[in-house]
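Peer 1: This one is target30.json, JSON, C-alpha atoms.
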```json
[["chain", "number", "residue", "atom", "x", "y", "z"],
["A", 63, "MET", "CA", 99.95, 79.88, 78.14],
["A", 64, "HIS", "CA", 99.59, 83.32, 79.77],
["A", 65, "ILE", "CA", 102.05, 86.07, 78.83],
["A", 66, "ILE", "CA", 102.81, 88.57, 81.59],
["A", 67, "LEU", "CA", 104.25, 92.03, 80.92],
["A", 68, "GLY", "CA", 105.72, 93.67, 83.99],
["A", 69, "GLY", "CA", 105.94, 90.23, 85.55],
["A", 70, "THR", "CA", 108.87, 91.08, 87.82],
["A", 71, "GLY", "CA", 107.05, 94.00, 89.46],
["A", 72, "ARG", "CA", 104.63, 93.80, 92.38],
["A", 73, "VAL", "CA", 101.36, 93.44, 90.44],
["A", 74, "GLY", "CA", 102.79, 91.43, 87.56],
["A", 75, "SER", "CA", 104.56, 88.95, 89.81],
["A", 76, "ALA", "CA", 101.41, 88.55, 91.92],
["A", 77, "THR", "CA", 99.47, 87.85, 88.73],
["A", 78, "ALA", "CA", 102.01, 85.26, 87.65],
["A", 79, "ARG", "CA", 102.01, 83.53, 91.03],
["A", 80, "ALA", "CA", 98.22, 83.39, 91.15],
["A", 81, "LEU", "CA", 98.18, 81.75, 87.73],
["A", 82, "LEU", "CA", 100.93, 79.30, 88.66],
["A", 83, "ASP", "CA", 99.02, 78.41, 91.83],
["A", 84, "ALA", "CA", 96.02, 77.65, 89.60],
["A", 85, "GLY", "CA", 98.10, 75.23, 87.55],
["A", 86, "GLN", "CA", 98.45, 77.55, 84.55],
["A", 87, "LYS", "CA", 101.49, 77.95, 82.30],
["A", 88, "VAL", "CA", 103.10, 81.39, 82.45],
["A", 89, "THR", "CA", 105.74, 83.28, 80.47],
["A", 90, "ILE", "CA", 107.24, 86.40, 82.03],
["A", 91, "VAL", "CA", 108.47, 89.11, 79.66],
["A", 92, "SER", "CA", 111.50, 90.91, 81.11],
["A", 93, "ARG", "CA", 114.41, 92.94, 79.81],
["A", 94, "ASP", "CA", 116.66, 91.08, 82.25],
["A", 95, "ARG", "CA", 116.32, 87.31, 82.60],
["A", 96, "ASP", "CA", 117.86, 87.41, 86.08],
["A", 97, "HIS", "CA", 115.03, 89.58, 87.40],
["A", 98, "GLY", "CA", 112.61, 86.70, 86.90],
["A", 99, "ALA", "CA", 114.72, 84.07, 88.66],
["A", 100, "ALA", "CA", 112.31, 83.57, 91.57],
["A", 101, "LEU", "CA", 109.34, 83.14, 89.23],
["A", 102, "LYS", "CA", 111.33, 80.76, 87.04],
["A", 103, "GLN", "CA", 112.02, 78.68, 90.13],
["A", 104, "ALA", "CA", 108.25, 78.71, 90.79],
["A", 105, "GLY", "CA", 107.60, 77.28, 87.32],
["A", 106, "ALA", "CA", 107.37, 80.25, 84.96],
["A", 107, "GLN", "CA", 109.21, 80.61, 81.68],
["A", 108, "ILE", "CA", 111.22, 83.79, 81.07],
["A", 109, "ALA", "CA", 111.33, 85.65, 77.75],
["A", 110, "GLU", "CA", 114.16, 88.18, 77.70],
["A", 111, "VAL", "CA", 112.63, 90.83, 75.44],
["A", 112, "SER", "CA", 112.39, 94.61, 75.45],
["A", 113, "ILE", "CA", 108.82, 95.81, 74.94],
["A", 114, "ARG", "CA", 110.21, 98.34, 72.47],
["A", 115, "ASN", "CA", 111.22, 95.41, 70.23],
["A", 116, "ILE", "CA", 107.79, 95.10, 68.64],
["A", 117, "ASP", "CA", 108.49, 92.09, 66.43],
["A", 118, "ALA", "CA", 110.11, 90.11, 69.25],
["A", 119, "LEU", "CA", 107.30, 90.98, 71.64],
["A", 120, "ARG", "CA", 104.70, 89.91, 69.06],
["A", 121, "ASP", "CA", 106.53, 86.60, 68.69],
["A", 122, "VAL", "CA", 106.26, 86.06, 72.46],
["A", 123, "PHE", "CA", 102.55, 86.93, 72.39],
["A", 124, "ARG", "CA", 102.06, 84.30, 69.68],
["A", 125, "THR", "CA", 103.26, 81.59, 72.07],
["A", 126, "GLY", "CA", 100.31, 82.28, 74.37],
["A", 127, "THR", "CA", 96.56, 82.61, 74.35],
["A", 128, "ARG", "CA", 96.07, 85.45, 76.82],
["A", 129, "ALA", "CA", 98.22, 88.27, 78.13],
["A", 130, "PHE", "CA", 98.44, 90.57, 81.13],
["A", 131, "LEU", "CA", 99.55, 94.04, 80.09],
["A", 132, "LEU", "CA", 101.23, 96.43, 82.47],
["A", 133, "ASN", "CA", 102.87, 99.54, 81.05],
["A", 134, "PRO", "CA", 106.11, 99.71, 83.07],
["A", 135, "PRO", "CA", 106.89, 102.99, 84.85],
["A", 136, "ALA", "CA", 109.69, 105.04, 83.36],
["A", 137, "GLU", "CA", 112.66, 106.29, 85.33],
["A", 138, "PRO", "CA", 111.64, 109.61, 86.93],
["A", 139, "SER", "CA", 114.99, 111.15, 86.07],
["A", 140, "GLY", "CA", 113.73, 111.42, 82.47],
["A", 141, "ASP", "CA", 110.54, 112.48, 80.71],
["A", 142, "THR", "CA", 108.22, 109.84, 82.16],
["A", 143, "ASP", "CA", 105.18, 110.77, 80.09],
["A", 144, "LYS", "CA", 107.06, 110.59, 76.80],
["A", 145, "GLU", "CA", 108.75, 107.30, 77.69],
["A", 146, "GLU", "CA", 105.57, 105.63, 78.93],
["A", 147, "ARG", "CA", 103.53, 106.69, 75.91],
["A", 148, "GLU", "CA", 106.20, 105.25, 73.63],
["A", 149, "ASN", "CA", 106.11, 102.00, 75.63],
["A", 150, "MET", "CA", 102.33, 101.93, 75.31],
["A", 151, "ALA", "CA", 102.49, 102.44, 71.55],
["A", 152, "ALA", "CA", 104.95, 99.55, 71.24],
["A", 153, "ILE", "CA", 102.71, 97.20, 73.24],
["A", 154, "ILE", "CA", 99.67, 98.09, 71.16],
["A", 155, "SER", "CA", 101.62, 97.56, 67.93],
["A", 156, "ALA", "CA", 102.85, 94.16, 69.14],
["A", 157, "LEU", "CA", 99.25, 93.05, 69.76],
["A", 158, "GLU", "CA", 98.48, 93.41, 66.07],
["A", 159, "GLY", "CA", 98.75, 89.97, 64.50],
["A", 160, "SER", "CA", 99.49, 88.32, 67.86],
["A", 161, "GLU", "CA", 96.42, 86.06, 67.65],
["A", 162, "LEU", "CA", 95.76, 86.46, 71.38],
["A", 163, "GLU", "CA", 92.19, 85.69, 72.38],
["A", 164, "LYS", "CA", 92.04, 88.12, 75.35],
["A", 165, "VAL", "CA", 94.12, 90.68, 77.23],
["A", 166, "VAL", "CA", 93.86, 92.08, 80.75],
["A", 167, "ALA", "CA", 95.43, 95.49, 81.43],
["A", 168, "GLN", "CA", 96.33, 97.21, 84.69],
["A", 169, "SER", "CA", 95.14, 100.82, 84.94],
["A", 170, "THR", "CA", 94.38, 103.27, 87.72],
["A", 171, "TYR", "CA", 91.54, 105.03, 89.50],
["A", 172, "GLY", "CA", 90.85, 108.46, 88.05],
["A", 173, "ALA", "CA", 92.32, 107.84, 84.59],
["A", 174, "PHE", "CA", 91.23, 110.71, 82.34],
["A", 175, "GLU", "CA", 91.88, 112.07, 78.90],
["A", 176, "GLY", "CA", 94.63, 114.66, 78.94],
["A", 177, "GLU", "CA", 98.35, 115.25, 78.89],
["A", 178, "ARG", "CA", 101.18, 115.12, 81.40],
["A", 179, "CYS", "CA", 99.37, 114.08, 84.55],
["A", 180, "GLY", "CA", 101.25, 110.89, 85.31],
["A", 181, "ASP", "CA", 99.52, 107.53, 85.16],
["A", 182, "LEU", "CA", 96.14, 109.24, 85.05],
["A", 183, "THR", "CA", 96.58, 110.41, 81.46],
["A", 184, "VAL", "CA", 99.04, 107.81, 80.16],
["A", 185, "LEU", "CA", 96.89, 104.89, 81.28],
["A", 186, "HIS", "CA", 93.71, 106.51, 79.98],
["A", 187, "ALA", "CA", 95.37, 106.62, 76.57],
["A", 188, "PHE", "CA", 96.32, 102.95, 77.06],
["A", 189, "GLU", "CA", 92.71, 102.06, 77.87],
["A", 190, "LYS", "CA", 91.47, 103.93, 74.80],
["A", 191, "ALA", "CA", 93.98, 102.21, 72.51],
["A", 192, "LEU", "CA", 92.97, 98.80, 73.88],
["A", 193, "ARG", "CA", 89.28, 99.51, 73.28],
["A", 194, "GLU", "CA", 90.04, 100.46, 69.68],
["A", 195, "GLN", "CA", 91.89, 97.23, 68.82],
["A", 196, "PRO", "CA", 90.06, 93.95, 68.10],
["A", 197, "ILE", "CA", 91.26, 91.67, 70.92],
["A", 198, "PRO", "CA", 88.77, 91.54, 73.84],
["A", 199, "ALA", "CA", 90.25, 93.70, 76.59],
["A", 200, "ALA", "CA", 89.49, 93.65, 80.33],
["A", 201, "ILE", "CA", 90.79, 96.66, 82.27],
["A", 202, "ASN", "CA", 91.38, 96.70, 86.01],
["A", 203, "ARG", "CA", 91.64, 100.14, 87.58],
["A", 204, "GLY", "CA", 93.42, 99.86, 90.92],
["A", 205, "GLY", "CA", 93.38, 102.22, 93.88],
["A", 206, "TYR", "CA", 96.51, 103.78, 95.35],
["A", 207, "TYR", "CA", 99.05, 101.02, 95.98],
["A", 208, "MET", "CA", 99.55, 100.32, 99.68],
["A", 209, "SER", "CA", 103.11, 99.44, 98.76],
["A", 210, "ASN", "CA", 103.77, 103.08, 97.81],
["A", 211, "TRP", "CA", 104.25, 103.73, 101.52],
["A", 212, "ALA", "CA", 107.03, 101.14, 101.74],
["A", 213, "GLY", "CA", 109.71, 103.70, 100.93],
["A", 214, "MET", "CA", 108.95, 105.43, 104.22],
["A", 215, "VAL", "CA", 109.71, 102.42, 106.41],
["A", 216, "GLU", "CA", 113.27, 103.36, 107.44],
["A", 217, "PRO", "CA", 112.60, 107.11, 107.96],
["A", 218, "VAL", "CA", 109.55, 106.24, 110.08],
["A", 219, "LYS", "CA", 111.57, 103.80, 112.19],
["A", 220, "GLU", "CA", 114.28, 106.42, 112.72],
["A", 221, "SER", "CA", 112.18, 109.53, 113.33],
["A", 222, "GLY", "CA", 108.62, 108.48, 114.08],
["A", 223, "VAL", "CA", 107.49, 110.86, 111.33],
["A", 224, "LEU", "CA", 105.56, 109.80, 108.23],
["A", 225, "LEU", "CA", 105.84, 112.25, 105.36],
["A", 226, "SER", "CA", 102.61, 112.36, 103.35],
["A", 227, "PHE", "CA", 101.76, 113.86, 99.98],
["A", 228, "PHE", "CA", 98.12, 113.85, 101.13],
["A", 229, "PRO", "CA", 96.27, 115.60, 103.96],
["A", 230, "ALA", "CA", 96.46, 113.45, 107.08],
["A", 231, "ASN", "CA", 92.69, 112.88, 107.24],
["A", 232, "LEU", "CA", 92.05, 112.47, 103.50],
["A", 233, "SER", "CA", 90.38, 109.11, 102.89],
["A", 234, "ILE", "CA", 91.51, 107.50, 99.64],
["A", 235, "PRO", "CA", 91.01, 104.10, 97.97],
["A", 236, "MET", "CA", 94.06, 101.91, 98.53],
["A", 237, "VAL", "CA", 94.80, 98.36, 97.48],
["A", 238, "ALA", "CA", 97.50, 95.75, 98.01],
["A", 239, "PRO", "CA", 99.35, 94.86, 94.78],
["A", 240, "ARG", "CA", 98.98, 91.15, 95.49],
["A", 241, "ASP", "CA", 95.19, 91.59, 95.44],
["A", 242, "LEU", "CA", 95.44, 93.34, 92.06],
["A", 243, "GLY", "CA", 97.46, 90.37, 90.84],
["A", 244, "LYS", "CA", 94.81, 87.93, 92.00],
["A", 245, "ALA", "CA", 92.11, 90.05, 90.33],
["A", 246, "ALA", "CA", 94.07, 90.10, 87.05],
["A", 247, "ALA", "CA", 94.50, 86.33, 87.18],
["A", 248, "ARG", "CA", 90.76, 85.85, 87.67],
["A", 249, "ARG", "CA", 89.99, 87.94, 84.59],
["A", 250, "LEU", "CA", 92.64, 86.14, 82.54],
["A", 251, "LEU", "CA", 90.87, 82.89, 83.39],
["A", 252, "SER", "CA", 87.34, 84.19, 82.80],
["A", 253, "GLY", "CA", 85.48, 84.19, 79.48],
["A", 254, "THR", "CA", 86.18, 86.51, 76.58],
["A", 255, "GLU", "CA", 82.89, 88.26, 77.34],
["A", 256, "ASP", "CA", 84.38, 89.53, 80.63],
["A", 257, "VAL", "CA", 85.69, 92.85, 79.31],
["A", 258, "GLY", "CA", 85.53, 96.54, 80.17],
["A", 259, "ILE", "CA", 86.57, 98.48, 83.26],
["A", 260, "THR", "CA", 86.48, 97.14, 86.82],
["A", 261, "HIS", "CA", 87.59, 99.21, 89.83],
["A", 262, "ILE", "CA", 89.45, 97.35, 92.60],
["A", 263, "GLU", "CA", 90.33, 98.60, 96.07],
["A", 264, "GLY", "CA", 90.85, 97.29, 99.59],
["A", 265, "PRO", "CA", 88.19, 96.41, 102.13],
["A", 266, "GLU", "CA", 87.85, 100.06, 103.18],
["A", 267, "ARG", "CA", 89.35, 103.46, 102.43],
["A", 268, "TYR", "CA", 92.28, 104.75, 104.43],
["A", 269, "THR", "CA", 94.02, 107.98, 105.41],
["A", 270, "ALA", "CA", 97.65, 108.87, 106.03],
["A", 271, "ASN", "CA", 96.77, 108.81, 109.73],
["A", 272, "ASP", "CA", 95.67, 105.20, 109.27],
["A", 273, "VAL", "CA", 99.02, 104.42, 107.63],
["A", 274, "ALA", "CA", 100.84, 106.04, 110.58],
["A", 275, "ALA", "CA", 98.77, 103.98, 113.03],
["A", 276, "ALA", "CA", 99.54, 100.80, 111.11],
["A", 277, "PHE", "CA", 103.26, 101.58, 111.21],
["A", 278, "ALA", "CA", 103.06, 102.43, 114.92],
["A", 279, "LYS", "CA", 101.37, 99.15, 115.77],
["A", 280, "VAL", "CA", 104.07, 97.11, 114.06],
["A", 281, "ILE", "CA", 107.20, 99.04, 115.08],
["A", 282, "GLY", "CA", 106.04, 99.82, 118.60],
["A", 283, "ARG", "CA", 106.45, 103.60, 118.67],
["A", 284, "ASP", "CA", 104.30, 106.66, 118.09],
["A", 285, "VAL", "CA", 104.17, 107.83, 114.46],
["A", 286, "GLN", "CA", 103.01, 111.28, 113.44],
["A", 287, "VAL", "CA", 102.03, 112.46, 109.97],
["A", 288, "GLN", "CA", 103.85, 115.43, 108.45],
["A", 289, "GLU", "CA", 101.90, 116.79, 105.49],
["A", 290, "ILE", "CA", 103.77, 118.09, 102.45],
["A", 291, "PRO", "CA", 102.10, 121.35, 101.31],
["A", 292, "ARG", "CA", 100.52, 121.00, 97.88],
["A", 293, "GLU", "CA", 102.43, 124.03, 96.62],
["A", 294, "ALA", "CA", 105.70, 122.28, 97.49],
["A", 295, "LEU", "CA", 105.05, 119.08, 95.54],
["A", 296, "GLU", "CA", 107.22, 119.89, 92.53],
["A", 297, "GLU", "CA", 110.10, 120.91, 94.80],
["A", 298, "ILE", "CA", 109.83, 117.69, 96.81],
["A", 299, "PHE", "CA", 109.77, 115.53, 93.69],
["A", 300, "ARG", "CA", 112.79, 117.38, 92.31],
["A", 301, "SER", "CA", 114.60, 116.71, 95.60],
["A", 302, "PHE", "CA", 114.04, 113.01, 94.86],
["A", 303, "ARG", "CA", 115.97, 113.58, 91.60],
["A", 304, "PHE", "CA", 112.91, 113.70, 89.39],
["A", 305, "SER", "CA", 113.29, 115.62, 86.14],
["A", 306, "GLU", "CA", 111.37, 118.88, 85.73],
["A", 307, "GLU", "CA", 108.89, 117.07, 83.46],
["A", 308, "ALA", "CA", 108.40, 114.15, 85.83],
["A", 309, "ALA", "CA", 108.07, 116.41, 88.89],
["A", 310, "ALA", "CA", 105.32, 118.43, 87.21],
["A", 311, "SER", "CA", 103.53, 115.30, 86.02],
["A", 312, "TYR", "CA", 103.59, 113.55, 89.41],
["A", 313, "ALA", "CA", 102.51, 116.76, 91.16],
["A", 314, "CYS", "CA", 99.52, 117.01, 88.82],
["A", 315, "MET", "CA", 98.54, 113.43, 89.61],
["A", 316, "THR", "CA", 98.90, 114.00, 93.37],
["A", 317, "ARG", "CA", 96.81, 117.16, 93.36],
["A", 318, "ARG", "CA", 94.00, 115.40, 91.52],
["A", 319, "MET", "CA", 94.02, 112.76, 94.25],
["A", 320, "ILE", "CA", 93.93, 115.45, 96.95],
["A", 321, "ASP", "CA", 91.02, 117.14, 95.18],
["A", 322, "GLY", "CA", 89.02, 113.91, 95.04],
["A", 323, "LYS", "CA", 89.12, 113.65, 91.26],
["A", 324, "THR", "CA", 90.38, 110.06, 91.27],
["A", 325, "ASN", "CA", 87.58, 108.61, 93.41],
["A", 326, "THR", "CA", 85.60, 107.48, 90.37],
["A", 327, "ALA", "CA", 84.34, 104.04, 91.44],
["A", 328, "ASP", "CA", 80.65, 103.72, 92.25],
["A", 329, "LYS", "CA", 80.72, 99.97, 92.88],
["A", 330, "PRO", "CA", 84.32, 98.82, 93.36],
["A", 331, "VAL", "CA", 85.36, 95.24, 93.80],
["A", 332, "ARG", "CA", 86.58, 94.96, 97.39],
["A", 333, "SER", "CA", 89.73, 92.92, 97.97],
["A", 334, "LYS", "CA", 90.61, 91.30, 101.28],
["A", 335, "THR", "CA", 94.01, 92.59, 102.35],
["A", 336, "THR", "CA", 93.73, 95.31, 104.98],
["A", 337, "LEU", "CA", 96.19, 98.17, 105.28],
["A", 338, "GLN", "CA", 97.28, 96.84, 108.67],
["A", 339, "ASN", "CA", 98.04, 93.39, 107.29],
["A", 340, "HIS", "CA", 99.91, 94.81, 104.31],
["A", 341, "MET", "CA", 102.07, 97.04, 106.52],
["A", 342, "ALA", "CA", 102.81, 94.13, 108.82],
["A", 343, "SER", "CA", 103.99, 92.11, 105.81],
["A", 344, "ILE", "CA", 106.24, 94.99, 104.67],
["A", 345, "LEU", "CA", 107.84, 95.17, 108.10],
["A", 346, "GLY", "CA", 108.16, 91.42, 108.44]]
```
Please render this file's structure as structure tokens.
Peer 2:
Amino acid sequence: MHIILGGTGRVGSATARALLDAGQKVTIVSRDRDHGAALKQAGAQIAEVSIRNIDALRDVFRTGTRAFLLNPPAEPSGDTDKEERENMAAIISALEGSELEKVVAQSTYGAFEGERCGDLTVLHAFEKALREQPIPAAINRGGYYMSNWAGMVEPVKESGVLLSFFPANLSIPMVAPRDLGKAAARRLLSGTEDVGITHIEGPERYTANDVAAAFAKVIGRDVQVQEIPREALEEIFRSFRFSEEAAASYACMTRRMIDGKTNTADKPVRSKTTLQNHMASILG
């Protein structure tokens, strides 16, 4: 039995489906049983448990042999760093005494030791905590999710303008969440000696201009990139109803990407889904 945290999100659900396709038994941990209805129909079990309930989460872990760990993102209207670090601490505590034989965790390119820089610092702390506990831990660092552009679909259709937090010609590692799910499933099924950090990205690196071209090809109209100035990042995030803390944290993370500080993979694992194919799937 494989236990999946974050199993109703993009990466977690892709992990679950890859395991189910391989004939494996899967339990999805979710705060809301209804959110896992599609996966239940596909053959997964659903455990309605909050990850903050350490004893209950440990009990779920004890029903399995291996677990996929994804620290769920906090609502940006609050203090995301504080919330996500508390979630991480609960997950780590629940692992103690769980008797799991291996865990696989989802992390991110450019994770570094520090404070209040979004996923980059929270997930580095998660990686460190996993290395310090006794269960063998495999860590997958993923590139920038191609799905992060999905929120721009309707504005692009209406205006032909793609707002970008990054310079239009900045090449960055991107990856489709379904490919991260497949990679996580492979490591869940591999031996307990398969541990440590692996970087995963798409078949090539892409720019915001490439994203605009992919949109244009599918929707049949010209799409132009409009860059958001780096000094305006906090203001933009606040306009999306982010808290002051979350806006500052996300702006820090974005600037590190712009400055090339997240391109840390010397020999990444290349997945198969291209940006063009992912955008076509988003747009149906």
Peer 1: Tell me which protein, DNA and RNA residues are within 12 Å of range 106-109 of chain A, counting all atoms listed in the file, leaving out same-chain ones fewer than 4 positions away, and put them as a VMD selection string.
Peer 2: chain A and resid 63 to 70 75 77 to 83 85 to 102 113 118 to 123 125 to 126
Peer 1: Write to file, as an mmCIF file, in the frame of the given file, the residues of the selection just made, with C-alpha atoms.
Peer 2:
```cif
data_model
loop_
_atom_site.group_PDB
_atom_site.id
_atom_site.type_symbol
_atom_site.label_atom_id
_atom_site.label_comp_id
_atom_site.auth_asym_id
_atom_site.auth_seq_id
_atom_site.Cartn_x
_atom_site.Cartn_y
_atom_site.Cartn_z
ATOM 1 C CA MET A 63 99.950 79.880 78.140
ATOM 2 C CA HIS A 64 99.590 83.320 79.770
ATOM 3 C CA ILE A 65 102.050 86.070 78.830
ATOM 4 C CA ILE A 66 102.810 88.570 81.590
ATOM 5 C CA LEU A 67 104.250 92.030 80.920
ATOM 6 C CA GLY A 68 105.720 93.670 83.990
ATOM 7 C CA GLY A 69 105.940 90.230 85.550
ATOM 8 C CA THR A 70 108.870 91.080 87.820
ATOM 9 C CA SER A 75 104.560 88.950 89.810
ATOM 10 C CA THR A 77 99.470 87.850 88.730
ATOM 11 C CA ALA A 78 102.010 85.260 87.650
ATOM 12 C CA ARG A 79 102.010 83.530 91.030
ATOM 13 C CA ALA A 80 98.220 83.390 91.150
ATOM 14 C CA LEU A 81 98.180 81.750 87.730
ATOM 15 C CA LEU A 82 100.930 79.300 88.660
ATOM 16 C CA ASP A 83 99.020 78.410 91.830
ATOM 17 C CA GLY A 85 98.100 75.230 87.550
ATOM 18 C CA GLN A 86 98.450 77.550 84.550
ATOM 19 C CA LYS A 87 101.490 77.950 82.300
ATOM 20 C CA VAL A 88 103.100 81.390 82.450
ATOM 21 C CA THR A 89 105.740 83.280 80.470
ATOM 22 C CA ILE A 90 107.240 86.400 82.030
ATOM 23 C CA VAL A 91 108.470 89.110 79.660
ATOM 24 C CA SER A 92 111.500 90.910 81.110
ATOM 25 C CA ARG A 93 114.410 92.940 79.810
ATOM 26 C CA ASP A 94 116.660 91.080 82.250
ATOM 27 C CA ARG A 95 116.320 87.310 82.600
ATOM 28 C CA ASP A 96 117.860 87.410 86.080
ATOM 29 C CA HIS A 97 115.030 89.580 87.400
ATOM 30 C CA GLY A 98 112.610 86.700 86.900
ATOM 31 C CA ALA A 99 114.720 84.070 88.660
ATOM 32 C CA ALA A 100 112.310 83.570 91.570
ATOM 33 C CA LEU A 101 109.340 83.140 89.230
ATOM 34 C CA LYS A 102 111.330 80.760 87.040
ATOM 35 C CA ILE A 113 108.820 95.810 74.940
ATOM 36 C CA ALA A 118 110.110 90.110 69.250
ATOM 37 C CA LEU A 119 107.300 90.980 71.640
ATOM 38 C CA ARG A 120 104.700 89.910 69.060
ATOM 39 C CA ASP A 121 106.530 86.600 68.690
ATOM 40 C CA VAL A 122 106.260 86.060 72.460
ATOM 41 C CA PHE A 123 102.550 86.930 72.390
ATOM 42 C CA THR A 125 103.260 81.590 72.070
ATOM 43 C CA GLY A 126 100.310 82.280 74.370
#
```
Peer 1: CA of Gly105 in chain A and CA of Gly159 in chain A, how far apart in Å?
Peer 2: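 Those two atoms sit 27.6 Å apart.
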Peer 1: Have a look at A:Glu293, A:Glu255, A:Asp321, A:Glu189 and name the one nearest to Ser233 in chain A; count all atoms listed in the file.
Peer 2: A:Asp321
Peer 1: For each of A:Glu296, A:Glu177, A:Glu263, A:Asp141, take the minimum atom-to-atom distance to Leu337 in chain A, counting all atoms listed in the file, then give the residue where this is smallest.
Peer 2: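 Between A:Glu296, A:Glu177, A:Glu263, A:Asp141, the residue approaching Leu337 in chain A most closely is A:Glu263.
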Peer 1: Find the residue from A:Ala270, A:Leu345, A:Ile234, A:Ile281 that sits nearest to Gly322 in chain A; use only C-alpha atoms when measuring.
Peer 2: A:Ile234
Peer 1: Any idea what's packed within 7 Å of Thr324 in chain A, counting all atoms listed in the file, ignoring anything in its chain fewer than 6 positions away? Could you give it as JSON, numbers by chain?
Peer 2: {"A": [171, 172, 318]}
Peer 1: Return as JSON lines the residues of range 98-200 of chain A lying at most 8 Å from range 204-228 of chain A, together with the closest atom-to-atom pair for each and the distance in Å to one decimal, counting all atoms listed in the file, with rows in chain order and ascending residue number.
Peer 2:
```
{"residue": "A:Gln168", "atom": "CA", "partner": "A:Gly204", "partner_atom": "CA", "distance": 7.4}
{"residue": "A:Ser169", "atom": "CA", "partner": "A:Gly204", "partner_atom": "CA", "distance": 6.3}
{"residue": "A:Thr170", "atom": "CA", "partner": "A:Gly204", "partner_atom": "CA", "distance": 4.8}
{"residue": "A:Tyr171", "atom": "CA", "partner": "A:Gly205", "partner_atom": "CA", "distance": 5.5}
```
Peer 1: Report, in Å with one decimal, the straight-line distance from CA of Arg248 in chain A to CA of Ser112 in chain A.
Peer 2: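 Separation between CA of Arg248 in chain A and CA of Ser112 in chain A: 26.3 Å.
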Peer 1: Sorted by chain and rising residue number, list the residues of range 304-336 of chain A at most 12 Å from range 257-262 of chain A (counting all atoms listed in the file), each with its closest atom pair and distance in Å to one decimal, as a tab-separated table.
Peer 2:
```
residue	atom	partner	partner_atom	distance
A:Thr324	CA	A:His261	CA	11.3
A:Asn325	CA	A:His261	CA	10.1
A:Thr326	CA	A:His261	CA	8.5
A:Ala327	CA	A:His261	CA	6.0
A:Asp328	CA	A:His261	CA	8.6
A:Lys329	CA	A:His261	CA	7.6
A:Pro330	CA	A:His261	CA	4.8
A:Val331	CA	A:Ile262	CA	4.8
A:Arg332	CA	A:Ile262	CA	6.1
A:Ser333	CA	A:Ile262	CA	7.0
A:Lys334	CA	A:Ile262	CA	10.6
A:Thr335	CA	A:Ile262	CA	11.8
```
Peer 1: For the residues selected in the previous step, produce a file with C-alpha atoms as a compact mmCIF listing (two decimals), in the coordinates of the input.
Peer 2:
```
# COMPACT_ATOMS: atom_id res chain seq x y z
CA THR A 324 90.38 110.06 91.27
CA ASN A 325 87.58 108.61 93.41
CA THR A 326 85.60 107.48 90.37
CA ALA A 327 84.34 104.04 91.44
CA ASP A 328 80.65 103.72 92.25
CA LYS A 329 80.72 99.97 92.88
CA PRO A 330 84.32 98.82 93.36
CA VAL A 331 85.36 95.24 93.80
CA ARG A 332 86.58 94.96 97.39
CA SER A 333 89.73 92.92 97.97
CA LYS A 334 90.61 91.30 101.28
CA THR A 335 94.01 92.59 102.35
```
